[in-house]
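So the structure is just underneath, and the comments pick up after that.
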4 protein chains.
Amino acid sequence: MIIIMKENATAGEIDHVIAAVRDLGYKPHPIYGKDRTVVAAVGDERGKYRIANLESMPGVDSVVPILKPYKLAGRETHREPSLVTVRSVPIGGPEIVVMAGPCSVESREQILECARIVKEQGCQFLRGGAFKPRTSPYAFQGLAEEGLQLLAEARAATGLAVVTELMDAHNLPLVEKYTDIIQIGARNMQNYYLLSAVGETRKPVLLKRGLASTIQEWLMSAEYILSRGNYCVILCERGIRTFETETRNTLDLSAVPVVKKLSHLPIIVDPSHGTGHWDLVPPMAAAAIAAGADGLMIEVHPHPEEAASDGPQSLTEKSFAALMQEVRRFVDAAGRGQPAGPR
Amino acid sequence: MIIIMKENATAGEIDHVIAAVRDLGYKPHPIYGKDRTVVAAVGDERGKYRIANLESMPGVDSVVPILKPYKLAGRETHREPSLVTVRSVPIGGPEIVVMAGPCSVESREQILECARIVKEQGCQFLRGGAFKPRTSPYAFQGLAEEGLQLLAEARAATGLAVVTELMDAHNLPLVEKYTDIIQIGARNMQNYYLLSAVGETRKPVLLKRGLASTIQEWLMSAEYILSRGNYCVILCERGIRTFETETRNTLDLSAVPVVKKLSHLPIIVDPSHGTGHWDLVPPMAAAAIAAGADGLMIEVHPHPEEAASDGPQSLTEKSFAALMQEVRRFVDAAGRGQPAGPR
Amino acid sequence: MIIIMKENATAGEIDHVIAAVRDLGYKPHPIYGKDRTVVAAVGDERGKYRIANLESMPGVDSVVPILKPYKLAGRETHREPSLVTVRSVPIGGPEIVVMAGPCSVESREQILECARIVKEQGCQFLRGGAFKPRTSPYAFQGLAEEGLQLLAEARAATGLAVVTELMDAHNLPLVEKYTDIIQIGARNMQNYYLLSAVGETRKPVLLKRGLASTIQEWLMSAEYILSRGNYCVILCERGIRTFETETRNTLDLSAVPVVKKLSHLPIIVDPSHGTGHWDLVPPMAAAAIAAGADGLMIEVHPHPEEAASDGPQSLTEKSFAALMQEVRRFVDAAGRGQPAGPR
Amino acid sequence: MIIIMKENATAGEIDHVIAAVRDLGYKPHPIYGKDRTVVAAVGDERGKYRIANLESMPGVDSVVPILKPYKLAGRETHREPSLVTVRSVPIGGPEIVVMAGPCSVESREQILECARIVKEQGCQFLRGGAFKPRTSPYAFQGLAEEGLQLLAEARAATGLAVVTELMDAHNLPLVEKYTDIIQIGARNMQNYYLLSAVGETRKPVLLKRGLASTIQEWLMSAEYILSRGNYCVILCERGIRTFETETRNTLDLSAVPVVKKLSHLPIIVDPSHGTGHWDLVPPMAAAAIAAGADGLMIEVHPHPEEAASDGPQSLTEKSFAALMQEVRRFVDAAGRGQPAGPR
């Protein structure tokens, strides 16, 4: 940590900071420049939230951290990429995974039909929400346990692994019982109680990036889960909020190589939420693979215009098949293995 | 709701949309323009999440809602400003309220000292976190029930009402027992399970705006609480996330008059989180009053450089007294009543 | 255009709006709903900036435009993709173009060395700045005409076409004399005088997207050039400004399919400015091709650590060769033709 | 400047960086930590754009600047607030200034009527655009020299000083001849050629903040003007671009105290562009004064619904008079002098 003093800081103020740094267990290195003094504090910065308060001391201009605030999520302590294996499918290895299905589980017929489509395209995972975070209290909120049971039935029928969202810790035992991967949605990325709760399980967790979350905050949220002993965390970029309105969110694909550089965790991309329009999904799915993503999450619905949620961004069977065909060419170009599929 | 057809939409596609609108229970009004056709759908848009899916139909360019999606939170159905009364202090009336105190409750001595400072300045509410949402799992997470007990002790000693954050629904009985106002933090603004849970109580709720939440989404979150029967909701603007880094967040004071125009709910402002630097708090507190806010939430700490969290944005006793003196002048200018205080 | 009246608008106010709409030459269609009245105004909206002022009339809530504000840049009036041909190289056709070179022209030796590298990799365009927009007045501002002459010399030596930035209209004759494509930088995207000036020439223009510009505003800036009779406009996505700080900007690759949907103009991507870090450039270049871009603009420097500007985002000869090798695989996957190169 | 090495940087890489720092004329201070090494480079950082390229060297993680990049605009070298005096009216002193008038000069009648309103309210400056930056090439672009002549006529009739926008350097002689203050619009904040051109004059310059510009970039743009010898620069906050759509921009009032802390330059606020809706202008004008602004810029039009531009955000004579009355109460509360006016 570097403490930058104000230009007009007095010798007494500088000494006071040096003493405070020492009190906190760090070794201070003052450097007296022509215009300003800076004090470098060397030592483990795990206690940095304490040292940040030095900013409140007289004569201090600002405090700049040096070390990344995450440890378990970082490349520095875990150089090799992590592999999360779900029902024998490794995520984060050479093979690309595709998680597809409807936004919400709506009916037995709908989810079984979706599962068939997803299976036929050679995907490994069925997505579908049983608990739905909706902006409006008047909108469809999901089928709850009935939805989870239908997902399990679809899994039994197809062999697809299931990924579904957990919105609140009190439903954890229920969701854990039915799902193969617990999804934490973008709006809950900093729901620390929920993160800690899933950290206590040994079920794989798909952690979506928050709409206004920096990559560093996202890795800190992963750190919450990892620090409780659950090492099976998969990250999912799904778009951030910007001023642009042609797309529902701005899909930040550069997050993929940034995460690959900073962290060992697998990362997949959700171009359905990332764009909000079904016709933008195929090019952005291809781009995600080219950027280095370990997989995709795609919304598919047999009849998007009847969907209870997210119809405009859902692909039909036909358009999803076309997407998969296109994506496979880019998976090849990336030198990555891929779903077998009906090529 | 207005359905805008694509320029090259066929007559069949337009008829299909008109039929679909009618099926959903709306009365369609097609308007055939030179370049495009638009279909206006008149009727209660409560079911609009269904109609939005019309965007998936062939020939449709986009769907534009007309009515606001909130009802109970809106001015349209509740023309007069709402008053939320807490321990005989009305919030949203002519008198300005000030909620002040430390970011976290750290010790008996600290919270009692804070309460004394806050009381002496004529404020009506003591704030302090017992459960703390922290970006890092390694940071101080709050004293939990012990913190709540200390807040209650400070209330007994001073007569100040207490406001503290609830982070997860399972702690609701505990927090409800000790606090006068339940605070929902910015990161939980779209934690719908939590919103519904506090909606079931009859305890006043302070709902902070999310970092990346539009004002409309914020009012929709209020709607979650109101729709469960809890009408005591106070909004709190605390800064949104932008590209600017000189401040911790960008305090969006224009949200104050916008909320006053759209909603009947009281709104206060938190310039401490909004700016992140103690020396920016007094001018932004004054500006909040001038913009029409019903109150302020301010972080105060006897020794900011020793604070377990948010030291850099906390005021000392002395700087808080100066702030209150300045704020009172603007409260007068605004023609608002105000805390008695040691003027 | 749809004029949405306030819920409590009086009959008189509604009539006043209807009359005003008619006065402006539109045919008004009032629709009387249960809660609100809306007035649809059918007709060419070219004069829409006038009609937007209806928002100032008593009883009006808001005014929603229907037609896109651009005409010449839009797909609606020009269904086929436009081809911009520069020194026999078509941009916007099946073949991908690559424009590479240093941020700034620094010396004869440097630019000739860059041109050799770029040529050897099979690229068609040499980029290099002679006039540099720099945040600081104390930073290197470019070699001006000497830089242009050096670019021309590099063109003569290699046959590469040249693209360089024009910062102010008074330098247009000078820049036009030396360059094959005039680049308009992100900071000048809404410098309307400059746009009009290059619109008067018949030299191809590369129009970079502004840091905070919506896609609609970007197309409106293209419209300025097109409306003056210069139809040779190439768009370039180079990242927008968001809250994320791991990257210099957030490269909005979804702009590529959005532009392809809305406009007939070719679009290329600059992942060097888009990310700001050389090691993020190759994956984002590959992703740009997968997203459907017609080409790339890449910063290359023989010795990035000695560059006068943008060293951290420049590739060396070796890393650029590796990028081109990787990109070619994705060009193949996209079914696009490509530079011959030393494969 | 602090150069942070990667965790796995080799001794050779560290030595290479130390040598490079020394070559650039700085004194390097390497600090060897447990996890990482950092190299502090002490010396004048005016050449910092060079040293930033050290980021390209092997083993370097990042480079953190210490000194502010601006000098003449900063408080460090100019502790006292600067006063810019225009036609005997000091800007930046105790007295608040108000610049008001229409978005565009439209006709002799309109501008004289506006000037009368502005004068009667005791304001000191008449604003009005003769050259208008418009998103659309089909929108009204201003009356050009005729507009400037009408402004001069209005000045002669009322004694008000005139402020008008310059969009391109080639019009500088023309605009300089008629105006008292040259306005540089938000879209031109980083038009460096234009900044340099007005820096060569001795006419006061009003520099609006760019829509996506950080405060530091804004001060760097002021530095361009100051570094050419024109010390009469007034800053104007007018809203930044965020995701919120209820307002046209997000007025960043915290920029006022931040600028006051970092710089000696006067700063005024434009709540008309900042909000985009006339009814939000009065509360935000009051808030700007409370935040410490030195003045206001307000759009006023005798008949907003007939305005050629920006009607929805323009006040009428009546609403402007009400605003001024309200603002005066806050000017008093702020202990600032104020326009005489018809109180």
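Chains: A, B, ... in order of the structure tokens. Residues: from 1 per chain. Ligands: from 1, in order shown.
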**OP:** Could you please select, counting only C-alpha atoms, the residues of chain A within 7 Å of chain C and state them as an MDAnalysis selection string?
**Re:** chainID A and resid 214 242 244 250:252 254 257 280 283:284 286:288 290:292 329:330 333
Save the residues we just selected, all heavy atoms, as a compact mmCIF listing (two decimals), in the first residue's frame?
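Okay, this is what ended up in selection.txt:
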# COMPACT_ATOMS: atom_id res chain seq x y z
N THR A 214 -17.58 -4.23 -10.92
CA THR A 214 -16.27 -4.34 -11.55
C THR A 214 -15.83 -5.80 -11.50
O THR A 214 -16.34 -6.60 -10.71
CB THR A 214 -15.23 -3.50 -10.81
OG1 THR A 214 -15.10 -4.01 -9.49
CG2 THR A 214 -15.64 -2.03 -10.75
N THR A 242 -24.82 0.22 -19.09
CA THR A 242 -24.18 1.43 -19.61
C THR A 242 -25.28 2.35 -20.14
O THR A 242 -26.47 2.07 -19.97
CB THR A 242 -23.22 1.10 -20.77
OG1 THR A 242 -23.98 0.69 -21.91
CG2 THR A 242 -22.25 -0.01 -20.39
N GLU A 244 -25.94 2.83 -23.30
CA GLU A 244 -26.45 2.37 -24.59
C GLU A 244 -27.81 1.70 -24.41
O GLU A 244 -27.98 0.89 -23.51
CB GLU A 244 -25.46 1.39 -25.23
CG GLU A 244 -25.91 0.84 -26.58
CD GLU A 244 -26.15 1.93 -27.63
OE1 GLU A 244 -25.22 2.64 -27.98
OE2 GLU A 244 -27.32 2.08 -28.06
N THR A 250 -24.78 -4.09 -21.88
CA THR A 250 -23.60 -4.10 -22.76
C THR A 250 -22.77 -5.31 -22.38
O THR A 250 -22.21 -5.36 -21.28
CB THR A 250 -22.80 -2.79 -22.60
OG1 THR A 250 -23.61 -1.70 -23.07
CG2 THR A 250 -21.51 -2.85 -23.42
N LEU A 251 -22.71 -6.30 -23.28
CA LEU A 251 -21.97 -7.52 -22.99
C LEU A 251 -20.48 -7.19 -23.01
O LEU A 251 -19.95 -6.77 -24.04
CB LEU A 251 -22.31 -8.58 -24.05
CG LEU A 251 -21.81 -10.00 -23.76
CD1 LEU A 251 -22.50 -10.58 -22.54
CD2 LEU A 251 -22.06 -10.91 -24.96
N ASP A 252 -19.83 -7.35 -21.88
CA ASP A 252 -18.42 -6.97 -21.76
C ASP A 252 -17.54 -8.19 -22.02
O ASP A 252 -17.06 -8.85 -21.10
CB ASP A 252 -18.15 -6.40 -20.36
CG ASP A 252 -16.70 -6.01 -20.17
OD1 ASP A 252 -15.94 -5.97 -21.17
OD2 ASP A 252 -16.30 -5.76 -19.02
N SER A 254 -14.60 -8.36 -23.05
CA SER A 254 -13.20 -8.25 -22.62
C SER A 254 -13.03 -8.79 -21.20
O SER A 254 -11.92 -9.08 -20.77
CB SER A 254 -12.70 -6.81 -22.72
OG SER A 254 -13.50 -5.95 -21.96
N PRO A 257 -11.00 -12.40 -21.34
CA PRO A 257 -9.54 -12.50 -21.18
C PRO A 257 -9.02 -11.85 -19.90
O PRO A 257 -7.99 -12.29 -19.37
CB PRO A 257 -8.99 -11.80 -22.44
CG PRO A 257 -10.13 -11.02 -23.01
CD PRO A 257 -11.39 -11.72 -22.59
N LEU A 280 -29.38 -10.84 -31.92
CA LEU A 280 -28.00 -10.47 -31.60
C LEU A 280 -27.27 -11.61 -30.88
O LEU A 280 -26.05 -11.55 -30.69
CB LEU A 280 -27.98 -9.22 -30.71
CG LEU A 280 -28.65 -7.96 -31.31
CD1 LEU A 280 -28.64 -6.84 -30.28
CD2 LEU A 280 -27.94 -7.52 -32.59
N PRO A 283 -24.31 -13.87 -33.15
CA PRO A 283 -22.97 -13.30 -33.33
C PRO A 283 -22.23 -13.11 -32.02
O PRO A 283 -21.01 -13.29 -31.97
CB PRO A 283 -23.24 -11.94 -34.01
CG PRO A 283 -24.70 -11.68 -33.87
CD PRO A 283 -25.36 -13.00 -33.74
N MET A 284 -22.94 -12.80 -30.94
CA MET A 284 -22.25 -12.58 -29.68
C MET A 284 -21.86 -13.91 -29.03
O MET A 284 -20.89 -13.97 -28.26
CB MET A 284 -23.10 -11.72 -28.73
CG MET A 284 -23.34 -10.30 -29.26
SD MET A 284 -21.84 -9.44 -29.87
CE MET A 284 -21.07 -8.99 -28.31
N ALA A 286 -20.81 -16.47 -30.83
CA ALA A 286 -19.58 -16.77 -31.56
C ALA A 286 -18.42 -15.93 -31.03
O ALA A 286 -17.31 -16.43 -30.83
CB ALA A 286 -19.80 -16.52 -33.05
N ALA A 287 -18.69 -14.67 -30.80
CA ALA A 287 -17.64 -13.78 -30.31
C ALA A 287 -17.15 -14.20 -28.93
O ALA A 287 -15.96 -14.09 -28.62
CB ALA A 287 -18.17 -12.33 -30.28
N ALA A 288 -18.06 -14.69 -28.10
CA ALA A 288 -17.67 -15.14 -26.76
C ALA A 288 -16.68 -16.29 -26.84
O ALA A 288 -15.68 -16.34 -26.12
CB ALA A 288 -18.91 -15.56 -25.97
N ALA A 290 -14.71 -16.94 -29.39
CA ALA A 290 -13.45 -16.41 -29.92
C ALA A 290 -12.66 -15.66 -28.84
O ALA A 290 -11.44 -15.68 -28.83
CB ALA A 290 -13.73 -15.49 -31.11
N ALA A 291 -13.36 -15.04 -27.92
CA ALA A 291 -12.70 -14.29 -26.84
C ALA A 291 -12.10 -15.22 -25.79
O ALA A 291 -11.35 -14.78 -24.92
CB ALA A 291 -13.69 -13.33 -26.18
N GLY A 292 -12.45 -16.51 -25.86
CA GLY A 292 -11.84 -17.47 -24.95
C GLY A 292 -12.76 -18.03 -23.87
O GLY A 292 -12.28 -18.68 -22.93
N ARG A 329 -18.27 -23.85 -35.63
CA ARG A 329 -17.14 -23.45 -36.49
C ARG A 329 -16.12 -22.63 -35.69
O ARG A 329 -14.92 -22.77 -35.87
CB ARG A 329 -17.65 -22.62 -37.67
CG ARG A 329 -18.48 -23.44 -38.68
CD ARG A 329 -18.50 -22.78 -40.05
NE ARG A 329 -18.83 -21.37 -39.99
CZ ARG A 329 -20.09 -20.89 -40.03
NH1 ARG A 329 -21.12 -21.70 -40.14
NH2 ARG A 329 -20.29 -19.60 -39.96
N PHE A 330 -16.64 -21.80 -34.78
CA PHE A 330 -15.72 -20.98 -33.99
C PHE A 330 -15.07 -21.78 -32.88
O PHE A 330 -13.93 -21.50 -32.49
CB PHE A 330 -16.45 -19.73 -33.46
CG PHE A 330 -16.78 -18.78 -34.56
CD1 PHE A 330 -18.04 -18.77 -35.16
CD2 PHE A 330 -15.80 -17.92 -35.06
CE1 PHE A 330 -18.32 -17.91 -36.21
CE2 PHE A 330 -16.09 -17.06 -36.10
CZ PHE A 330 -17.34 -17.05 -36.69
N ALA A 333 -12.22 -23.28 -34.61
CA ALA A 333 -11.17 -22.28 -34.86
C ALA A 333 -10.41 -21.99 -33.58
O ALA A 333 -9.21 -21.70 -33.60
CB ALA A 333 -11.79 -20.99 -35.41
**OP:** Would you list, as a VMD selection string, the residues of range 99-206 of chain A that end up in helix (DSSP H, G or I) under DSSP run on this structure's backbone?
**Re:** chain A and resid 108 to 120 145 to 158 169 to 178 186 to 188 192 to 200
How about saving the chosen residues, N, CA and C atoms kept, as a short mmCIF file (atom, residue, chain, number, x, y, z; two decimals), in the first residue's frame?
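What follows is the written file out-v8.cif:
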data_model
loop_
_atom_site.label_atom_id
_atom_site.label_comp_id
_atom_site.auth_asym_id
_atom_site.auth_seq_id
_atom_site.Cartn_x
_atom_site.Cartn_y
_atom_site.Cartn_z
N ARG A 108 -44.86 -28.52 -17.67
CA ARG A 108 -44.21 -29.80 -17.96
C ARG A 108 -43.93 -29.93 -19.45
N GLU A 109 -44.92 -29.60 -20.23
CA GLU A 109 -44.77 -29.72 -21.68
C GLU A 109 -43.63 -28.82 -22.19
N GLN A 110 -43.64 -27.57 -21.68
CA GLN A 110 -42.64 -26.61 -22.16
C GLN A 110 -41.22 -27.04 -21.81
N ILE A 111 -41.00 -27.48 -20.58
CA ILE A 111 -39.61 -27.76 -20.19
C ILE A 111 -39.13 -29.06 -20.84
N LEU A 112 -40.02 -30.02 -21.02
CA LEU A 112 -39.59 -31.26 -21.69
C LEU A 112 -39.28 -31.00 -23.16
N GLU A 113 -40.08 -30.14 -23.76
CA GLU A 113 -39.83 -29.77 -25.16
C GLU A 113 -38.48 -29.03 -25.29
N CYS A 114 -38.25 -28.11 -24.35
CA CYS A 114 -36.97 -27.40 -24.35
C CYS A 114 -35.81 -28.38 -24.17
N ALA A 115 -35.97 -29.30 -23.23
CA ALA A 115 -34.88 -30.25 -22.95
C ALA A 115 -34.57 -31.08 -24.20
N ARG A 116 -35.60 -31.47 -24.89
CA ARG A 116 -35.39 -32.24 -26.13
C ARG A 116 -34.57 -31.42 -27.13
N ILE A 117 -34.96 -30.17 -27.31
CA ILE A 117 -34.24 -29.30 -28.27
C ILE A 117 -32.77 -29.17 -27.87
N VAL A 118 -32.57 -28.90 -26.60
CA VAL A 118 -31.22 -28.66 -26.08
C VAL A 118 -30.37 -29.93 -26.22
N LYS A 119 -30.96 -31.06 -25.91
CA LYS A 119 -30.27 -32.35 -26.01
C LYS A 119 -29.91 -32.64 -27.47
N GLU A 120 -30.87 -32.42 -28.34
CA GLU A 120 -30.64 -32.73 -29.75
C GLU A 120 -29.49 -31.91 -30.35
N GLU A 145 -41.08 -24.95 -6.18
CA GLU A 145 -40.67 -26.36 -6.13
C GLU A 145 -41.21 -27.16 -7.30
N GLU A 146 -42.42 -26.85 -7.74
CA GLU A 146 -42.94 -27.57 -8.91
C GLU A 146 -41.99 -27.43 -10.11
N GLY A 147 -41.45 -26.22 -10.28
CA GLY A 147 -40.49 -25.99 -11.36
C GLY A 147 -39.24 -26.84 -11.20
N LEU A 148 -38.77 -26.95 -9.96
CA LEU A 148 -37.57 -27.77 -9.70
C LEU A 148 -37.84 -29.24 -10.04
N GLN A 149 -39.04 -29.71 -9.68
CA GLN A 149 -39.39 -31.10 -9.97
C GLN A 149 -39.45 -31.36 -11.47
N LEU A 150 -39.98 -30.37 -12.19
CA LEU A 150 -40.05 -30.52 -13.65
C LEU A 150 -38.65 -30.55 -14.27
N LEU A 151 -37.75 -29.75 -13.71
CA LEU A 151 -36.36 -29.77 -14.20
C LEU A 151 -35.74 -31.14 -13.97
N ALA A 152 -36.02 -31.71 -12.78
CA ALA A 152 -35.47 -33.03 -12.48
C ALA A 152 -36.06 -34.08 -13.42
N GLU A 153 -37.31 -33.92 -13.74
CA GLU A 153 -37.93 -34.85 -14.68
C GLU A 153 -37.29 -34.73 -16.07
N ALA A 154 -37.02 -33.51 -16.47
CA ALA A 154 -36.37 -33.29 -17.76
C ALA A 154 -34.96 -33.89 -17.76
N ARG A 155 -34.28 -33.78 -16.63
CA ARG A 155 -32.95 -34.38 -16.53
C ARG A 155 -33.03 -35.89 -16.67
N ALA A 156 -34.02 -36.48 -15.98
CA ALA A 156 -34.18 -37.93 -16.05
C ALA A 156 -34.46 -38.37 -17.48
N ALA A 157 -35.22 -37.55 -18.20
CA ALA A 157 -35.61 -37.92 -19.56
C ALA A 157 -34.46 -37.78 -20.56
N THR A 158 -33.51 -36.87 -20.28
CA THR A 158 -32.50 -36.55 -21.30
C THR A 158 -31.06 -36.80 -20.87
N ALA A 169 -31.31 -17.70 0.65
CA ALA A 169 -30.66 -18.80 1.37
C ALA A 169 -31.66 -19.79 1.95
N HIS A 170 -32.85 -19.33 2.33
CA HIS A 170 -33.77 -20.26 2.98
C HIS A 170 -34.26 -21.34 2.02
N ASN A 171 -34.13 -21.10 0.72
CA ASN A 171 -34.51 -22.13 -0.26
C ASN A 171 -33.34 -23.02 -0.66
N LEU A 172 -32.19 -22.81 -0.04
CA LEU A 172 -31.01 -23.57 -0.44
C LEU A 172 -31.21 -25.08 -0.36
N PRO A 173 -31.75 -25.62 0.77
CA PRO A 173 -31.91 -27.08 0.83
C PRO A 173 -32.79 -27.61 -0.31
N LEU A 174 -33.81 -26.85 -0.65
CA LEU A 174 -34.72 -27.26 -1.72
C LEU A 174 -34.01 -27.26 -3.07
N VAL A 175 -33.37 -26.17 -3.38
CA VAL A 175 -32.71 -26.04 -4.69
C VAL A 175 -31.56 -27.03 -4.80
N GLU A 176 -30.81 -27.15 -3.72
CA GLU A 176 -29.65 -28.05 -3.71
C GLU A 176 -30.08 -29.49 -4.02
N LYS A 177 -31.27 -29.83 -3.55
CA LYS A 177 -31.77 -31.21 -3.74
C LYS A 177 -32.01 -31.52 -5.22
N TYR A 178 -32.43 -30.54 -5.97
CA TYR A 178 -32.83 -30.81 -7.36
C TYR A 178 -31.78 -30.45 -8.41
N ALA A 186 -27.36 -12.04 -11.25
CA ALA A 186 -26.62 -10.77 -11.27
C ALA A 186 -27.04 -9.86 -10.11
N ARG A 187 -28.34 -9.82 -9.80
CA ARG A 187 -28.83 -8.92 -8.76
C ARG A 187 -28.42 -9.38 -7.35
N ASN A 188 -27.98 -10.63 -7.25
CA ASN A 188 -27.55 -11.16 -5.95
C ASN A 188 -26.04 -11.31 -5.86
N TYR A 192 -24.20 -11.06 0.27
CA TYR A 192 -23.10 -11.79 0.89
C TYR A 192 -23.57 -12.95 1.75
N TYR A 193 -24.75 -12.82 2.29
CA TYR A 193 -25.28 -13.91 3.10
C TYR A 193 -25.54 -15.14 2.21
N LEU A 194 -26.08 -14.86 1.02
CA LEU A 194 -26.35 -15.94 0.06
C LEU A 194 -25.05 -16.57 -0.42
N LEU A 195 -24.06 -15.73 -0.69
CA LEU A 195 -22.75 -16.24 -1.14
C LEU A 195 -22.13 -17.14 -0.07
N SER A 196 -22.22 -16.69 1.17
CA SER A 196 -21.65 -17.51 2.25
C SER A 196 -22.39 -18.83 2.37
N ALA A 197 -23.71 -18.77 2.19
CA ALA A 197 -24.52 -19.99 2.32
C ALA A 197 -24.14 -21.02 1.25
N VAL A 198 -24.02 -20.59 0.01
CA VAL A 198 -23.64 -21.57 -1.03
C VAL A 198 -22.18 -21.97 -0.88
N GLY A 199 -21.40 -21.10 -0.25
CA GLY A 199 -20.01 -21.46 0.04
C GLY A 199 -19.90 -22.62 1.01
N GLU A 200 -20.93 -22.79 1.83
CA GLU A 200 -20.92 -23.89 2.82
C GLU A 200 -21.31 -25.23 2.18
#
Could you name the residues that touch Pro28 in chain C at 7 Å or less, counting only C-alpha atoms, but leaving out those on the same chain fewer than 4 positions away, as a compact mmCIF listing (two decimals) with N, CA, C and O atoms, in the first residue's frame?
# COMPACT_ATOMS: atom_id res chain seq x y z
N ILE C 18 -53.74 18.45 -30.09
CA ILE C 18 -54.20 17.98 -31.40
C ILE C 18 -54.07 19.09 -32.45
O ILE C 18 -53.59 18.88 -33.56
N VAL C 21 -50.40 19.66 -33.34
CA VAL C 21 -49.90 18.60 -34.21
C VAL C 21 -50.33 18.86 -35.65
O VAL C 21 -49.54 18.76 -36.59
N ARG C 22 -51.58 19.26 -35.80
CA ARG C 22 -52.10 19.54 -37.14
C ARG C 22 -51.38 20.74 -37.76
O ARG C 22 -51.01 20.71 -38.93
N VAL C 39 -51.74 10.75 -28.27
CA VAL C 39 -52.00 11.29 -29.60
C VAL C 39 -50.89 10.81 -30.52
O VAL C 39 -49.72 11.12 -30.29
N ALA C 40 -51.25 10.00 -31.52
CA ALA C 40 -50.27 9.55 -32.49
C ALA C 40 -50.23 10.56 -33.63
O ALA C 40 -51.27 10.97 -34.12
N ALA C 41 -49.00 10.98 -34.01
CA ALA C 41 -48.87 11.96 -35.09
C ALA C 41 -48.20 11.26 -36.26
O ALA C 41 -47.04 10.91 -36.19
N VAL C 42 -48.95 11.05 -37.31
CA VAL C 42 -48.44 10.31 -38.45
C VAL C 42 -47.93 11.28 -39.50
O VAL C 42 -48.56 12.31 -39.77
**OP:** Would you list the contacts of Ile182 in chain D as an NGL selection string, taking every protein, DNA or RNA residue within 6 Å and counting only C-alpha atoms, but skipping same-chain residues closer than 5 positions in sequence?
**Re:** :D and (164-165 or 205)
Residues from last step as file, N, CA and C atoms, as a compact mmCIF listing (two decimals), in the first residue's frame:
# COMPACT_ATOMS: atom_id res chain seq x y z
N THR D 164 -21.58 33.10 -25.76
CA THR D 164 -22.08 32.31 -26.90
C THR D 164 -21.03 31.29 -27.30
N GLU D 165 -21.49 30.22 -27.92
CA GLU D 165 -20.59 29.10 -28.20
C GLU D 165 -19.80 29.27 -29.49
N VAL D 205 -13.07 32.31 -21.32
CA VAL D 205 -13.59 31.08 -21.90
C VAL D 205 -14.43 30.33 -20.87
**OP:** Compile the contact shell of range 313-315 of chain D as a list in words: residues with an atom at most 6 Å away, counting only C-alpha atoms, same-chain residues fewer than 4 positions apart removed.
**Re:**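 Skipping anything fewer than 4 positions along the chain leaves Ser272, Gly276, His277, Trp278, Glu299, Val300, His301, Pro304, Ser319 and Phe320 of chain D.
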Original post:
Skipping near chain neighbours, those fewer than 4 positions away, what residues fall within 8 Å of Asp270 in chain C using only C-alpha atoms, listed as a PyMOL selection string?
Top reply: chain C and resi 236-239+274+285+296-298
Original post:
Can you tell me, as a PyMOL selection string, what residues are no more than 6 Å from Leu126 in chain B when counting only C-alpha atoms, ignoring any on the same chain fewer than 3 positions away?
Top reply: chain B and resi 99-101+160+162
**OP:** Please identify which residues in range 97-212 of chain B DSSP calls strand (DSSP E or B) from the backbone, and express them as a PyMOL selection string.
**Re:** chain B and resi 97-101+104+125-127+129+161-165+181-184+205-208
Subject >> Pick from A:Gln183, A:Asn230, A:Ser88, A:Ser82 nearest to Pro266 in chain A, counting only C-alpha atoms >> reply: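 With only C-alpha atoms as the atom set, the closest residue is A:Ser82.
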Original post:
Suppose you want the space between CA of Asp35 in chain C and CA of His16 in chain B; what is it in Å?
Top reply: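 It comes out at 26.0 Å.
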**OP:** Take CA of Leu265 in chain A and CA of Pro81 in chain A and report the distance between them in Å, one decimal.
**Re:**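 Interatomic distance here is 6.2 Å.
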Subject >> Computed interatomic separation between CA of Gly210 in chain C and CA of Ala293 in chain A (Å) >> reply: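 We find that CA of Gly210 in chain C and CA of Ala293 in chain A lie 27.7 Å from each other.
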